[in-house]
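Asks: Before we start, here is the structure in question, set down as structure tokens.
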Amino acid sequence: MQRDSDAAVAPAGDDGPARAVTGEPVLQIRDLVKHYPLTRGIVFRKQIGAVKAVDGVSFDLHKGETLGIVGESGCGKSTVAKMLVGLERPTSGQIRYQGEDITRLSGRALKAVRRNIQMVFQDPYTSLNPRMTVGDIIGEPYQIHPEVAPKGDRRKKVQDLLDVVGLNPEYINRYPHQFSGGQRQRIGIARGLALRPEVIVADEPVSALDVSVQAQVVNLLERLQDEFDLSYVFIAHDLSVVRHISDRIAVMYLGRLAEIGTDEQIYEHATHPYTQALLSAVPVPDPEARERRGRILLAGDLPSPADPPSGCRFRTRCWKAQEVCARKVPPIDVPEWFRGTGSPAEHASACHFAEERAGVTDG
Ligand SMILES: Nc1ncnc2c1ncn2[C@@H]1O[C@H](COP(=O)(O)OP(=O)(O)OP(=O)(O)O)[C@@H](O)[C@H]1O
Ligand code: SF4
Ligand SMILES: [Mg+2]
């Protein structure tokens, strides 16, 4: 029985109804930092600097919502993801789960919390062990958490999970190479669901898939979200993919957040120049709308996270940069001049001169 894996699905560009963000925060991320030391010397290792992969990121993830995180390659998206699921230890900052800072937990307490925050990886070709059967892959988390599924129940649980993600439960003894890319990602999702987590961090879960399969996997994730009451952190390069699935979107640049808001605030009323540049690159079918919007071409390359610009990190590529931008770090906050206006531009943006693009000259 091949359930919906090959069925028709809503197009990726279709912006489904956004869920209202009313739930309690499940995760509260505060000033999260990850610096990787840069060392020299083989015998006497000396630290000569640090790659500031993530450098002070804060956001909440609410119950039942999907928070999309977008940004250029190297801006720190995967590093945030790895810290959330415990694959990397933060240099500093807090990850509060149900109010408790889990970066301070260890041993049994940490293990119990970790069960609730699971990851789905980008590449379904390399993230599944080719020598393990699908049943062993999906059931692997039960070896670490036997309390979730006693040994006698595991086969049945894995078969149920296969069914839930739209794969034939009889495939349980097959190996990853016997599946297509989209099917492998379904296996990865089933593994992520095995422990019945509350939060799933999906790091570019569809980037490695053909465009035609991407929408199917996104639709599956949406269905599972409703069925299992999940909250998602959904990481992507592509603004059109996150729009379809996200209730809110956070835009990252060089280890920090540039802007965060609901999908309407970000897509229709972005106030940060970096977001505006990213949006100008998203294809739109209507030639008139394309003409009106104009394309912003960013000057220069992404600076090195080992030596980021002072003040606003985006200033070396920003057409609006002023002297203050080199001196003062713009906080990620609702700009004073939008507060209380009720305007859709009233959302957090880390820019000294945050404004909607109508007042900006297209470059
Ligand atoms: N283990 C590590 N040691 C040193 N530097 C690292 C390590 N892991 C990541 N980095 C660096 O940290 C920065 C952020 O990397 P990260 O993988 O989080 O970016 P990303 O936004 O996920 O990029 P992509 O879109 O390419 O996946 C990059 O400059 C990267 O080279
Ligand atoms: S703070 Fe300055 S440099 Fe940074 S995005 Fe705003 S205008 Fe550009
Ligand atoms: Mg990444």
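Quick note on naming: the chains in the structure tokens go A, B, ... in the order shown, residues restart at 1 in each chain, and ligands are numbered from 1 in order of appearance.
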With only C-alpha atoms and all ligand atoms counted, collect every polymer residue having an atom within 7 Å of ligand 2; state the result as a PyMOL selection string.
Replies: chain A and resi 272-274+312-315+318-322+325+330+350-354
Asks: Show me which residues sit within 8 Å of ligand 1 when counting only C-alpha atoms and all ligand atoms, and put them as a VMD selection string.
Replies: chain A and resid 35 to 38 51 to 54 71 to 81 203 to 204 236 to 237 254 to 255 304 to 306
Asks: Just list as a VMD selection string whatever in segment 154-347 of chain A DSSP marks as helix (DSSP H, G or I).
Replies: chain A and resid 154 to 164 169 to 173 176 to 178 181 to 193 211 to 228 239 to 245 263 to 269 273 to 280 287 to 293 315 to 317 323 to 327 336 to 338
Asks: Based on DSSP run over this structure's backbone, return all residues of segment 149-355 of chain A in strand (DSSP E), as a list of chain:residue names.
Replies: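 Answer for segment 149-355 of chain A, restricted to strand (DSSP E): A:Val199, A:Ile200, A:Val201, A:Ala202, A:Asp203, A:Ser231, A:Tyr232, A:Val233, A:Phe234, A:Ile235, A:Ala236, A:Arg248, A:Ile249, A:Ala250, A:Val251, A:Met252, A:Tyr253, A:Arg256, A:Leu257, A:Ala258, A:Glu259, A:Ile260, A:Gly261, A:Thr262, A:Ala348, A:Ser349.
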Asks: For ligand 3, which residue out of A:Phe59, A:Phe228, A:Tyr175, A:Phe234 is the nearest one, using only C-alpha atoms and all ligand atoms?
Replies: A:Phe234
Asks: Ranking A:Ala299, A:Val218, A:Leu128, A:Met252 by minimum distance to ligand 3 and counting only C-alpha atoms and all ligand atoms, which one comes first?
Replies: A:Met252
Asks: Do you have the atom CA of Gly64 of chain A-atom CA of Leu230 of chain A distance handy?
Replies: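 Value for the atom CA of Gly64 of chain A-atom CA of Leu230 of chain A distance: 5.4 Å.
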Asks: With a distance cut-off of 10 Å and only C-alpha atoms, select the neighbouring residues of Asp238 of chain A, excluding the residue or stretch itself and same-chain residues fewer than 4 positions from it, and output the selection as a PDB file with C-alpha atoms, in the first residue's frame.
Replies:
ATOM      1  CA  ILE A  69      14.566  29.937   9.678  1.00  0.00           C
ATOM      2  CA  VAL A  70      16.140  31.209   6.468  1.00  0.00           C
ATOM      3  CA  GLY A  71      19.462  32.718   5.489  1.00  0.00           C
ATOM      4  CA  GLU A  72      22.471  32.259   3.242  1.00  0.00           C
ATOM      5  CA  GLU A 204      16.571  21.698   5.202  1.00  0.00           C
ATOM      6  CA  SER A 207      16.562  20.760  -0.107  1.00  0.00           C
ATOM      7  CA  VAL A 242       9.249  28.214   4.242  1.00  0.00           C
ATOM      8  CA  ARG A 243       6.335  30.411   3.346  1.00  0.00           C
ATOM      9  CA  LEU A 278      16.250  37.975  -0.191  1.00  0.00           C
ATOM     10  CA  LEU A 279      12.623  38.600  -1.088  1.00  0.00           C
ATOM     11  CA  ALA A 281      15.222  37.226  -5.452  1.00  0.00           C
ATOM     12  CA  VAL A 282      12.134  35.017  -4.961  1.00  0.00           C
TER      13      VAL A 282
END
Asks: So what do you get for atom CA of Gly139 of chain A versus atom CA of Ile189 of chain A, distance-wise?
Replies: 12.1 Å
Asks: Just the residues within 12 Å of Gln159 of chain A, please, counting only C-alpha atoms, with nothing from its chain fewer than 6 positions along; format it as a PyMOL selection string.
Replies: chain A and resi 134-136+138-139+153+165-173+187+190-191+194
Asks: Atom CA of Ser240 of chain A to atom CA of Pro285 of chain A: how many Å, to one decimal?
Replies: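 That distance, rounded to one decimal, is 12.5 Å.
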Asks: Taking only C-alpha atoms and all ligand atoms into account, name the residue in A:Gly311, A:Pro176, A:Pro205, A:Gly107 that is nearest to ligand 3.
Replies: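 Closest candidate: A:Pro205.
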Asks: Tell me, as a PyMOL selection string, which residues lie within 10 Å of Glu336 of chain A, counting only C-alpha atoms; anything in the same chain fewer than 4 positions away does not count.
Replies: chain A and resi 340-341+346+354
Asks: Would you kindly return, as a list in words, each protein, DNA or RNA residue with an atom no farther than 10 Å from any atom of Gln225 of chain A, considering only C-alpha atoms and excluding same-chain residues fewer than 3 positions away?
Replies: Gly64, Glu65, Thr66, Glu198, Val199, Ile200, Asn219, Leu220, Leu221, Glu222, Phe228, Asp229, Leu230, Ser231 and Tyr232 of chain A
Asks: Tell me which of A:Leu297, A:Ala345, A:Val241, A:Ile235 sits closest to ligand 3, counting only C-alpha atoms and all ligand atoms.
Replies: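 Nearest to ligand 3: A:Ile235.
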